[in-house]
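Coordinates from data_17.cif are shown below (mmCIF, C-alpha atoms and all ligand atoms).
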```
data_run
#
loop_
_atom_site.label_atom_id
_atom_site.label_comp_id
_atom_site.auth_asym_id
_atom_site.auth_seq_id
_atom_site.Cartn_x
_atom_site.Cartn_y
_atom_site.Cartn_z
CA MET A 366 -8.51 -13.68 -11.31
CA GLU A 367 -6.09 -12.75 -14.04
CA ASP A 368 -8.93 -12.16 -16.49
CA GLN A 369 -10.53 -9.87 -14.02
CA ALA A 370 -7.37 -7.84 -13.55
CA GLU A 371 -6.98 -7.53 -17.30
CA LYS A 372 -10.58 -6.39 -17.64
CA LEU A 373 -9.89 -3.78 -15.00
CA ARG A 374 -6.87 -2.48 -16.86
CA GLU A 375 -8.96 -2.34 -20.00
CA ILE A 376 -11.54 -0.19 -18.22
CA MET A 377 -8.76 2.04 -16.94
CA ARG A 378 -7.45 2.49 -20.46
CA HIS A 379 -10.89 3.63 -21.58
CA LYS A 380 -11.20 5.96 -18.67
CA THR A 381 -7.82 7.56 -18.96
CA ALA A 382 -8.30 7.92 -22.69
CA GLY A 383 -10.24 11.05 -21.79
CA ALA A 384 -13.57 12.07 -20.41
CA GLY A 385 -16.32 11.85 -22.96
CA GLY A 386 -14.17 9.61 -25.12
CA GLU A 387 -15.75 6.85 -27.10
CA ASN A 388 -16.64 3.81 -25.14
CA LYS A 389 -16.28 0.95 -27.53
CA SER A 390 -18.08 -1.49 -25.30
CA GLY A 391 -21.21 0.72 -25.40
CA GLU A 392 -22.78 2.51 -22.49
CA ASP A 393 -25.54 0.02 -21.92
CA ASN A 394 -23.29 -2.97 -21.79
CA ARG A 395 -21.22 -1.69 -18.96
CA SER A 396 -21.61 -3.31 -15.57
CA ARG A 397 -22.96 -1.32 -12.67
CA SER A 398 -19.57 -1.00 -10.97
CA GLU A 399 -18.02 0.29 -14.19
CA ARG A 400 -20.66 2.96 -14.37
CA ILE A 401 -20.08 3.86 -10.74
CA GLU A 402 -16.40 4.06 -11.49
CA SER A 403 -16.74 6.57 -14.27
CA ARG A 404 -19.30 8.59 -12.35
CA ALA A 405 -16.91 8.87 -9.42
CA ALA A 406 -14.29 10.14 -11.81
CA ASP A 407 -16.59 12.63 -13.48
CA LYS A 408 -17.98 14.10 -10.31
CA THR A 409 -14.72 14.93 -8.64
CA GLY A 410 -12.52 15.60 -11.61
CA ARG A 411 -10.12 13.15 -9.97
CA THR A 412 -10.17 9.52 -10.69
CA LYS A 413 -9.84 8.04 -7.30
CA SER A 414 -10.03 7.79 -3.60
CA ARG A 415 -7.06 6.17 -1.93
CA ILE A 416 -8.20 3.05 -0.13
CA ILE A 417 -5.88 1.95 2.66
CA THR A 418 -6.45 -1.28 4.55
CA VAL A 419 -4.67 -1.58 7.87
CA THR A 420 -4.08 -5.12 9.04
CA SER A 421 -1.82 -7.37 11.09
CA GLY A 422 -1.19 -11.01 11.85
CA LYS A 423 -1.31 -10.72 15.61
CA GLY A 424 -3.99 -8.81 17.51
CA GLY A 425 -3.35 -5.82 19.71
CA VAL A 426 -0.35 -4.51 17.79
CA GLY A 427 -1.85 -1.07 17.13
CA LYS A 428 -4.04 -1.27 14.00
CA THR A 429 -6.86 0.84 15.34
CA ASN A 430 -4.52 3.45 16.76
CA VAL A 431 -2.69 3.64 13.46
CA SER A 432 -5.93 3.79 11.44
CA VAL A 433 -7.52 6.57 13.46
CA ASN A 434 -4.39 8.65 13.91
CA MET A 435 -3.34 8.28 10.30
CA ALA A 436 -6.82 9.51 9.41
CA LEU A 437 -6.25 12.58 11.56
CA ALA A 438 -2.87 13.23 10.02
CA TYR A 439 -4.45 13.04 6.58
CA ALA A 440 -7.26 15.37 7.66
CA ARG A 441 -4.63 17.89 8.73
CA LEU A 442 -3.32 17.82 5.19
CA GLY A 443 -6.76 18.94 4.09
CA LYS A 444 -7.97 15.54 2.93
CA LYS A 445 -11.50 14.32 3.32
CA VAL A 446 -11.15 11.09 5.28
CA VAL A 447 -13.42 8.27 6.40
CA VAL A 448 -12.41 5.38 8.64
CA MET A 449 -14.35 2.19 8.23
CA ASP A 450 -14.32 -0.23 11.11
CA ALA A 451 -14.41 -3.59 9.43
CA ASP A 452 -14.60 -5.42 12.72
CA LEU A 453 -17.86 -4.70 14.46
CA GLY A 454 -17.38 -7.45 16.98
CA LEU A 455 -14.84 -5.37 18.83
CA ALA A 456 -16.09 -1.92 17.83
CA ASN A 457 -12.53 -0.68 17.89
CA VAL A 458 -12.81 2.68 16.21
CA ASN A 459 -15.94 3.64 18.10
CA VAL A 460 -14.38 2.87 21.43
CA MET A 461 -11.22 4.74 20.60
CA LEU A 462 -13.26 7.83 19.73
CA ASN A 463 -15.80 7.32 22.49
CA MET A 464 -18.69 7.23 20.06
CA ILE A 465 -21.42 4.69 19.78
CA PRO A 466 -22.94 4.85 16.32
CA LYS A 467 -26.44 3.50 16.47
CA TYR A 468 -26.28 1.92 13.08
CA ASN A 469 -23.69 0.08 11.06
CA LEU A 470 -23.14 -1.55 7.70
CA TYR A 471 -25.43 -4.37 8.68
CA HIS A 472 -28.33 -1.93 8.58
CA VAL A 473 -27.19 -0.73 5.17
CA ILE A 474 -27.03 -4.25 3.82
CA ARG A 475 -30.48 -4.95 5.24
CA LYS A 476 -31.72 -1.75 3.57
CA GLN A 477 -32.78 -0.28 6.88
CA LYS A 478 -30.42 2.69 6.57
CA THR A 479 -28.41 4.42 3.89
CA MET A 480 -24.65 4.83 4.05
CA LYS A 481 -25.10 8.55 4.62
CA GLU A 482 -27.36 7.81 7.57
CA ILE A 483 -24.91 5.50 9.30
CA MET A 484 -21.86 7.67 8.67
CA VAL A 485 -20.88 9.71 11.70
CA ASP A 486 -18.90 12.92 11.63
CA THR A 487 -16.50 13.20 14.53
CA ASP A 488 -15.22 16.29 16.32
CA TYR A 489 -11.86 15.62 14.76
CA GLY A 490 -12.66 16.35 11.13
CA ILE A 491 -12.91 12.74 10.06
CA SER A 492 -15.95 10.56 9.45
CA ILE A 493 -16.44 7.01 10.60
CA VAL A 494 -18.49 4.09 9.40
CA ALA A 495 -19.13 1.20 11.74
CA GLY A 496 -18.68 -2.14 10.06
CA ALA A 497 -20.74 -5.27 10.32
CA SER A 498 -19.46 -8.70 11.07
CA GLY A 499 -21.78 -9.83 8.27
CA PHE A 500 -19.17 -8.36 5.99
CA SER A 501 -17.32 -11.62 6.08
CA LYS A 502 -20.24 -13.02 4.20
CA ILE A 503 -20.20 -10.83 1.13
CA ALA A 504 -20.50 -14.03 -0.85
CA ASP A 505 -23.71 -14.87 0.93
CA LEU A 506 -25.56 -11.67 0.13
CA SER A 507 -28.55 -12.01 -2.12
CA GLU A 508 -28.34 -10.31 -5.48
CA GLU A 509 -30.66 -7.56 -4.30
CA GLU A 510 -28.61 -6.98 -1.15
CA ARG A 511 -25.44 -6.84 -3.17
CA GLN A 512 -26.81 -4.29 -5.57
CA ASN A 513 -28.12 -2.16 -2.77
CA PHE A 514 -24.84 -2.39 -0.94
CA ILE A 515 -22.85 -1.45 -4.04
CA ASN A 516 -25.12 1.56 -4.55
CA GLU A 517 -24.60 2.60 -0.97
CA LEU A 518 -20.84 2.19 -1.06
CA GLU A 519 -20.81 4.88 -3.68
CA ALA A 520 -21.41 7.38 -0.90
CA LEU A 521 -17.79 6.80 0.12
CA SER A 522 -16.42 7.68 -3.29
CA ASN A 523 -16.22 11.40 -2.58
CA PHE A 524 -13.68 10.85 0.19
CA ASP A 525 -10.03 11.34 -0.67
CA ILE A 526 -8.91 8.70 1.77
CA ILE A 527 -10.77 5.62 2.93
CA ILE A 528 -9.01 3.82 5.78
CA ILE A 529 -10.26 0.36 6.64
CA ASP A 530 -9.36 -0.93 10.09
CA THR A 531 -9.56 -4.71 10.06
CA ALA A 532 -9.52 -7.50 12.60
CA ALA A 533 -6.23 -9.29 13.14
CA GLY A 534 -5.35 -12.47 11.36
CA VAL A 535 -6.19 -14.26 8.21
CA SER A 536 -9.89 -14.43 7.51
CA ARG A 537 -11.80 -14.11 4.29
CA ASN A 538 -13.09 -10.79 5.50
CA VAL A 539 -9.64 -9.35 6.02
CA LEU A 540 -8.33 -10.70 2.75
CA ASP A 541 -11.26 -9.25 0.85
CA PHE A 542 -10.48 -5.83 2.24
CA VAL A 543 -6.79 -6.23 1.54
CA ALA A 544 -7.63 -7.17 -2.03
CA ALA A 545 -9.92 -4.19 -2.39
CA ALA A 546 -7.36 -1.67 -1.18
CA ASP A 547 -4.82 0.43 -3.03
CA ASP A 548 -2.44 -0.02 -0.13
CA ALA A 549 -2.27 -2.71 2.51
CA VAL A 550 -0.48 -1.48 5.60
CA ILE A 551 0.78 -4.38 7.71
CA ILE A 552 1.43 -3.53 11.34
CA THR A 553 3.82 -5.46 13.51
CA THR A 554 5.70 -4.84 16.72
CA PRO A 555 9.26 -6.04 17.31
CA GLU A 556 7.93 -9.03 19.27
CA PRO A 557 8.86 -12.31 17.61
CA THR A 558 5.27 -13.56 17.77
CA ALA A 559 3.97 -10.43 16.04
CA ILE A 560 6.64 -10.76 13.36
CA THR A 561 5.86 -14.42 12.74
CA ASP A 562 2.14 -13.70 12.46
CA ALA A 563 2.76 -10.71 10.18
CA TYR A 564 4.83 -12.98 7.97
CA GLY A 565 1.88 -15.41 7.93
CA ILE A 566 -0.50 -12.82 6.52
CA ILE A 567 2.05 -11.56 4.01
CA LYS A 568 2.52 -15.11 2.80
CA ILE A 569 -1.16 -15.43 2.10
CA ILE A 570 -1.22 -12.09 0.32
CA ALA A 571 1.68 -13.41 -1.77
CA THR A 572 -0.39 -16.29 -3.10
CA GLU A 573 -2.71 -13.80 -4.76
CA TRP A 574 -0.12 -11.14 -5.38
CA ASP A 575 0.02 -11.22 -9.16
CA SER A 576 -3.59 -10.30 -9.45
CA LEU A 577 -3.59 -7.84 -6.56
CA ASN A 578 -1.08 -5.28 -7.80
CA MET A 579 -1.35 -3.10 -4.75
CA GLY A 580 1.13 -1.35 -2.55
CA LEU A 581 2.28 -3.49 0.36
CA LYS A 582 3.56 -1.39 3.24
CA LEU A 583 5.05 -2.13 6.63
CA VAL A 584 4.78 -0.16 9.88
CA VAL A 585 6.73 -1.29 12.94
CA ASN A 586 4.90 -0.13 16.04
CA ARG A 587 6.02 0.15 19.66
CA VAL A 588 9.72 0.40 18.96
CA LYS A 589 12.35 1.62 21.41
CA SER A 590 14.71 2.99 18.78
CA TYR A 591 15.03 3.61 15.05
CA ALA A 592 17.70 0.93 14.95
CA GLU A 593 15.35 -1.64 16.39
CA ALA A 594 12.66 -0.65 13.90
CA LYS A 595 15.08 -0.88 11.02
CA ARG A 596 16.24 -4.33 12.11
CA VAL A 597 12.66 -5.61 12.11
CA ALA A 598 11.82 -3.89 8.83
CA ASP A 599 14.95 -5.16 7.07
CA ARG A 600 14.28 -8.66 8.21
CA MET A 601 10.68 -8.60 7.05
CA THR A 602 11.24 -6.90 3.74
CA ASN A 603 14.12 -9.26 2.99
CA ILE A 604 12.12 -12.36 3.78
CA ALA A 605 9.20 -11.05 1.69
CA GLY A 606 11.55 -10.30 -1.19
CA GLN A 607 13.65 -13.45 -1.05
CA PHE A 608 11.10 -16.10 -0.26
CA LEU A 609 7.87 -14.62 -1.51
CA ASN A 610 9.09 -12.38 -4.28
CA LEU A 611 7.11 -9.51 -2.81
CA LYS A 612 8.14 -5.92 -2.70
CA MET A 613 7.18 -4.48 0.64
CA ASP A 614 7.90 -0.83 1.42
CA TYR A 615 8.92 0.14 4.90
CA LEU A 616 6.69 3.12 5.71
CA GLY A 617 8.17 3.87 9.10
CA CYS A 618 7.94 3.12 12.78
CA ILE A 619 6.04 4.39 15.80
CA PHE A 620 7.76 4.66 19.16
CA ASP A 621 6.41 2.91 22.19
CA ASP A 622 4.93 5.96 23.83
CA ILE A 623 3.01 6.26 27.08
CA ALA A 624 0.98 9.03 25.41
CA VAL A 625 -0.68 6.34 23.29
CA SER A 626 -2.07 4.25 26.12
CA GLN A 627 -3.02 7.39 28.05
CA ALA A 628 -4.97 8.68 25.06
CA VAL A 629 -6.63 5.28 24.61
CA LEU A 630 -7.76 5.41 28.23
CA ARG A 631 -9.26 8.83 27.63
CA GLN A 632 -10.87 7.51 24.46
CA ARG A 633 -9.33 10.24 22.39
CA PRO A 634 -6.79 9.93 19.56
CA PHE A 635 -3.20 10.61 20.64
CA MET A 636 -2.82 12.98 17.70
CA VAL A 637 -5.45 15.15 19.40
CA VAL A 638 -4.39 14.74 23.00
CA ASP A 639 -0.72 15.31 22.32
CA PRO A 640 0.06 16.32 18.73
CA LYS A 641 3.73 16.74 19.57
CA CYS A 642 4.30 13.40 21.28
CA LYS A 643 6.71 10.96 19.68
CA ALA A 644 3.93 8.72 18.39
CA SER A 645 2.12 11.67 16.76
CA LEU A 646 5.27 12.81 14.99
CA CYS A 647 5.86 9.26 13.77
CA VAL A 648 2.35 8.98 12.38
CA GLN A 649 2.70 12.28 10.55
CA HIS A 650 5.92 11.04 9.08
CA ILE A 651 4.23 7.81 7.97
CA VAL A 652 1.43 9.73 6.25
CA GLY A 653 4.02 11.93 4.58
CA ARG A 654 5.72 8.81 3.21
CA MET A 655 2.39 7.40 2.14
CA GLU A 656 1.60 10.57 0.23
CA LYS A 657 4.89 10.32 -1.58
CA SER A 658 4.34 6.70 -2.51
CA GLU A 659 2.83 5.99 -5.84
CA LEU A 660 -0.86 5.26 -5.98
CA LYS A 661 -1.06 2.36 -8.36
CA GLU A 662 -3.45 2.54 -11.26
CA ARG A 663 -6.09 0.27 -9.94
CA GLY A 664 -9.15 2.12 -11.07
CA GLY A 665 -10.26 3.87 -7.91
CA PHE A 666 -13.48 3.40 -6.10
CA GLY A 667 -15.49 1.60 -8.73
CA SER A 668 -12.90 -1.08 -9.05
CA MET A 669 -12.65 -1.40 -5.28
CA ILE A 670 -16.24 -2.49 -5.44
CA LYS A 671 -15.37 -4.89 -8.22
CA ARG A 672 -12.53 -6.34 -6.26
CA LEU A 673 -14.68 -6.74 -3.19
CA PHE A 674 -17.44 -8.47 -5.04
CA GLY A 675 -15.51 -10.13 -7.79
CA ARG A 676 -13.81 -12.34 -5.26
CA SER A 677 -16.87 -13.84 -3.71
N1 LIG A 701 3.00 3.06 20.00
C1 LIG A 701 2.41 2.62 21.12
N2 LIG A 701 2.90 2.97 22.33
C2 LIG A 701 2.34 2.54 23.48
N3 LIG A 701 1.27 1.74 23.51
C3 LIG A 701 0.72 1.36 22.34
C4 LIG A 701 1.25 1.77 21.08
N4 LIG A 701 0.50 1.23 20.10
C5 LIG A 701 -0.45 0.51 20.72
N5 LIG A 701 -0.33 0.58 22.06
C6 LIG A 701 -1.17 -0.09 23.07
O1 LIG A 701 -1.69 -1.26 22.51
C7 LIG A 701 -3.10 -1.27 22.67
C8 LIG A 701 -3.73 -1.93 21.46
O2 LIG A 701 -3.71 -1.04 20.36
P1 LIG A 701 -4.81 -1.13 19.22
O3 LIG A 701 -6.17 -1.27 19.82
O4 LIG A 701 -4.59 -0.01 18.29
O5 LIG A 701 -4.39 -2.51 18.56
P2 LIG A 701 -5.18 -3.37 17.47
O6 LIG A 701 -4.15 -4.00 16.61
O7 LIG A 701 -6.20 -2.53 16.80
O8 LIG A 701 -5.90 -4.46 18.39
P3 LIG A 701 -7.03 -5.51 17.91
O9 LIG A 701 -6.30 -6.58 17.15
O10 LIG A 701 -7.61 -5.99 19.21
O11 LIG A 701 -8.01 -4.76 17.07
C9 LIG A 701 -3.50 0.17 22.87
O12 LIG A 701 -4.63 0.27 23.68
C10 LIG A 701 -2.31 0.79 23.53
O13 LIG A 701 -2.43 0.67 24.93
MG MG A 702 -8.23 -2.82 16.56
#
```
Any chance you could put this one into structure tokens?
Ligand SMILES: Nc1ncnc2c1ncn2[C@@H]1O[C@H](COP(=O)(O)OP(=O)(O)OP(=O)(O)O)[C@@H](O)[C@H]1O
Ligand SMILES: [Mg+2]
Amino acid sequence: MEDQAEKLREIMRHKTAGAGGENKSGEDNRSRSERIESRAADKTGRTKSRIITVTSGKGGVGKTNVSVNMALAYARLGKKVVVMDADLGLANVNVMLNMIPKYNLYHVIRKQKTMKEIMVDTDYGISIVAGASGFSKIADLSEEERQNFINELEALSNFDIIIIDTAAGVSRNVLDFVAAADDAVIITTPEPTAITDAYGIIKIIATEWDSLNMGLKLVVNRVKSYAEAKRVADRMTNIAGQFLNLKMDYLGCIFDDIAVSQAVLRQRPFMVVDPKCKASLCVQHIVGRMEKSELKERGGFGSMIKRLFGRS
């Protein structure tokens, strides 16, 4: 793992040394993902998309709401955003947006569809990609399927922001996406069970922390007051710091707001139904904080692919 991280940094050094600079390792010797990486950089003039994985220990704490509404807040800032539902079993994002994409990543992996074909534009200025439960088996893909999938993932590299909504809990699938992200946003509520489960997932992230080098962020959802949110956040960030030696940034809180459940019932994002409700203002604030937080030098999209596949 450490070797891999070092290799990544080495690639980054080459890349940031300047476009068109000498590549000592030689063009032909570069791996496919390295080539994808530099192409993504060349095409856009920027080096990277920001890849944000939203996860939690306990289910039902608000991951999908946060993912979709954060995406909308980013879109309002003029960013090109895609939300990937990494949990097909529950089809969270689709249900929340009242859309039933016909195809998903499974069809891409099986070469039946391209990424562009399965991607759906919404009325809200964001795109969505339905995930496949087969994603948990990245390790089981054949070499040909892997290559095809890597090629297809490249279609996401022209997005500024890629938000990955995961299933709750610790599974290989979730950890792979956490590892692949620039930022892992952990969602909890003030409930003791949610906090304990959030701590569980953070603990597992900690075991691989040295090689991950990503931004770990906390959002406390369904709070009654700022003071309550701060109490939860302080407790969690202190535990992470003291016992796990992890730096976790508190991104902000979202108020328990009836507008959220009402919007869910209408299958529309609360940012659209009621852009001025408490929850909407909180999400905008969270995205503002996210934008201010440093995007670590992790090599952008190409290295996301490496991290996804290098772990299998
Ligand atoms: N800030 C909030 N205020 C009020 N209700 C909320 C809030 N956040 C979430 N909820 C309620 O919790 C429900 C679950 O939210 P959501 O589907 O986003 O959670 P999840 O973590 O994605 O769940 P799962 O683990 O099943 O994927 C929502 O349908 C909504 O009713
Ligand atoms: Mg969900």
Name the closest residue to Lys589 (chain A) among the candidates A:Lys428, A:Lys612, A:Lys643, A:Lys568; distances are taken between atoms, counting all atoms listed in the file. A:Lys643
Selection: 6 Å around region 440-453 of chain A, all atoms listed in the file, excl. self and same-chain fewer than 6 positions, as a PDB file with C-alpha atoms, keeping the file's coordinate frame:
```pdb
ATOM      1  CA  ILE A 491     -12.910  12.740  10.060  1.00  0.00           C
ATOM      2  CA  SER A 492     -15.950  10.560   9.450  1.00  0.00           C
ATOM      3  CA  ILE A 493     -16.440   7.010  10.600  1.00  0.00           C
ATOM      4  CA  VAL A 494     -18.490   4.090   9.400  1.00  0.00           C
ATOM      5  CA  ALA A 495     -19.130   1.200  11.740  1.00  0.00           C
ATOM      6  CA  GLY A 496     -18.680  -2.140  10.060  1.00  0.00           C
ATOM      7  CA  ALA A 497     -20.740  -5.270  10.320  1.00  0.00           C
ATOM      8  CA  SER A 498     -19.460  -8.700  11.070  1.00  0.00           C
ATOM      9  CA  PHE A 524     -13.680  10.850   0.190  1.00  0.00           C
ATOM     10  CA  ASP A 525     -10.030  11.340  -0.670  1.00  0.00           C
ATOM     11  CA  ILE A 526      -8.910   8.700   1.770  1.00  0.00           C
ATOM     12  CA  ILE A 527     -10.770   5.620   2.930  1.00  0.00           C
ATOM     13  CA  ILE A 528      -9.010   3.820   5.780  1.00  0.00           C
ATOM     14  CA  ILE A 529     -10.260   0.360   6.640  1.00  0.00           C
ATOM     15  CA  ASP A 530      -9.360  -0.930  10.090  1.00  0.00           C
ATOM     16  CA  THR A 531      -9.560  -4.710  10.060  1.00  0.00           C
ATOM     17  CA  ALA A 532      -9.520  -7.500  12.600  1.00  0.00           C
TER      18      ALA A 532
END
```
Got a sec: who's within 9 Å of Val629 (chain A), counting all atoms listed in the file, leaving out chain neighbours fewer than 5 positions off, as a ChimeraX atom specification? /A:430,460-462,624,634-635
Residue among A:Glu508, A:Gly617, A:Ile570, A:Lys595 lying closest to Gly653 (chain A), counting all atoms listed in the file: A:Gly617
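Considering all atoms listed in the file, the residue among A:Asn513, A:Leu437, A:Ile552, A:Ala520 positioned nearest to Asp488 (chain A) is A:Leu437.
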Region 477-482 of chain A surroundings by only C-alpha atoms, 6 Å radius, close-in-sequence under 4 positions cut, as a ChimeraX atom specification: /A:472-473,517
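CA of Val426 (chain A) lies 7.5 Å from atom O10 of ligand LIG 701 (chain A).
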Return region 643-661 of chain A, completed with N, CA and C atoms, as a PDB file, keeping the file's coordinate frame.
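Dumped everything to result.pdb:
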```pdb
ATOM      1  N   LYS A 643       5.910  11.726  20.644  1.00  0.00           N
ATOM      2  CA  LYS A 643       6.710  10.960  19.680  1.00  0.00           C
ATOM      3  C   LYS A 643       5.827  10.185  18.696  1.00  0.00           C
ATOM      4  N   ALA A 644       4.792   9.542  19.247  1.00  0.00           N
ATOM      5  CA  ALA A 644       3.930   8.720  18.390  1.00  0.00           C
ATOM      6  C   ALA A 644       3.235   9.585  17.324  1.00  0.00           C
ATOM      7  N   SER A 645       2.792  10.782  17.718  1.00  0.00           N
ATOM      8  CA  SER A 645       2.120  11.670  16.760  1.00  0.00           C
ATOM      9  C   SER A 645       3.082  12.066  15.631  1.00  0.00           C
ATOM     10  N   LEU A 646       4.296  12.408  16.007  1.00  0.00           N
ATOM     11  CA  LEU A 646       5.270  12.810  14.990  1.00  0.00           C
ATOM     12  C   LEU A 646       5.556  11.648  14.033  1.00  0.00           C
ATOM     13  N   CYS A 647       5.619  10.451  14.606  1.00  0.00           N
ATOM     14  CA  CYS A 647       5.860   9.260  13.770  1.00  0.00           C
ATOM     15  C   CYS A 647       4.722   9.043  12.776  1.00  0.00           C
ATOM     16  N   VAL A 648       3.491   9.210  13.264  1.00  0.00           N
ATOM     17  CA  VAL A 648       2.350   8.980  12.380  1.00  0.00           C
ATOM     18  C   VAL A 648       2.326  10.017  11.254  1.00  0.00           C
ATOM     19  N   GLN A 649       2.653  11.242  11.590  1.00  0.00           N
ATOM     20  CA  GLN A 649       2.700  12.280  10.550  1.00  0.00           C
ATOM     21  C   GLN A 649       3.753  11.947   9.502  1.00  0.00           C
ATOM     22  N   HIS A 650       4.851  11.432   9.987  1.00  0.00           N
ATOM     23  CA  HIS A 650       5.920  11.040   9.080  1.00  0.00           C
ATOM     24  C   HIS A 650       5.446   9.904   8.156  1.00  0.00           C
ATOM     25  N   ILE A 651       4.734   8.953   8.741  1.00  0.00           N
ATOM     26  CA  ILE A 651       4.230   7.810   7.970  1.00  0.00           C
ATOM     27  C   ILE A 651       3.267   8.282   6.873  1.00  0.00           C
ATOM     28  N   VAL A 652       2.379   9.206   7.241  1.00  0.00           N
ATOM     29  CA  VAL A 652       1.430   9.730   6.250  1.00  0.00           C
ATOM     30  C   VAL A 652       2.176  10.505   5.153  1.00  0.00           C
ATOM     31  N   GLY A 653       3.200  11.226   5.564  1.00  0.00           N
ATOM     32  CA  GLY A 653       4.020  11.930   4.580  1.00  0.00           C
ATOM     33  C   GLY A 653       4.628  10.952   3.577  1.00  0.00           C
ATOM     34  N   ARG A 654       5.122   9.829   4.085  1.00  0.00           N
ATOM     35  CA  ARG A 654       5.720   8.810   3.210  1.00  0.00           C
ATOM     36  C   ARG A 654       4.659   8.186   2.310  1.00  0.00           C
ATOM     37  N   MET A 655       3.507   7.983   2.889  1.00  0.00           N
ATOM     38  CA  MET A 655       2.390   7.400   2.140  1.00  0.00           C
ATOM     39  C   MET A 655       2.025   8.320   0.971  1.00  0.00           C
ATOM     40  N   GLU A 656       1.961   9.608   1.259  1.00  0.00           N
ATOM     41  CA  GLU A 656       1.600  10.570   0.230  1.00  0.00           C
ATOM     42  C   GLU A 656       2.618  10.581  -0.905  1.00  0.00           C
ATOM     43  N   LYS A 657       3.852  10.310  -0.546  1.00  0.00           N
ATOM     44  CA  LYS A 657       4.890  10.320  -1.580  1.00  0.00           C
ATOM     45  C   LYS A 657       4.886   9.032  -2.387  1.00  0.00           C
ATOM     46  N   SER A 658       4.300   7.981  -1.808  1.00  0.00           N
ATOM     47  CA  SER A 658       4.340   6.700  -2.510  1.00  0.00           C
ATOM     48  C   SER A 658       3.298   6.690  -3.617  1.00  0.00           C
ATOM     49  N   GLU A 659       3.659   6.020  -4.644  1.00  0.00           N
ATOM     50  CA  GLU A 659       2.830   5.990  -5.840  1.00  0.00           C
ATOM     51  C   GLU A 659       1.494   5.308  -5.543  1.00  0.00           C
ATOM     52  N   LEU A 660       0.447   5.909  -6.064  1.00  0.00           N
ATOM     53  CA  LEU A 660      -0.860   5.260  -5.980  1.00  0.00           C
ATOM     54  C   LEU A 660      -1.032   4.490  -7.274  1.00  0.00           C
ATOM     55  N   LYS A 661      -1.039   3.179  -7.143  1.00  0.00           N
ATOM     56  CA  LYS A 661      -1.060   2.360  -8.360  1.00  0.00           C
ATOM     57  C   LYS A 661      -2.361   2.557  -9.136  1.00  0.00           C
TER      58      LYS A 661
END
```
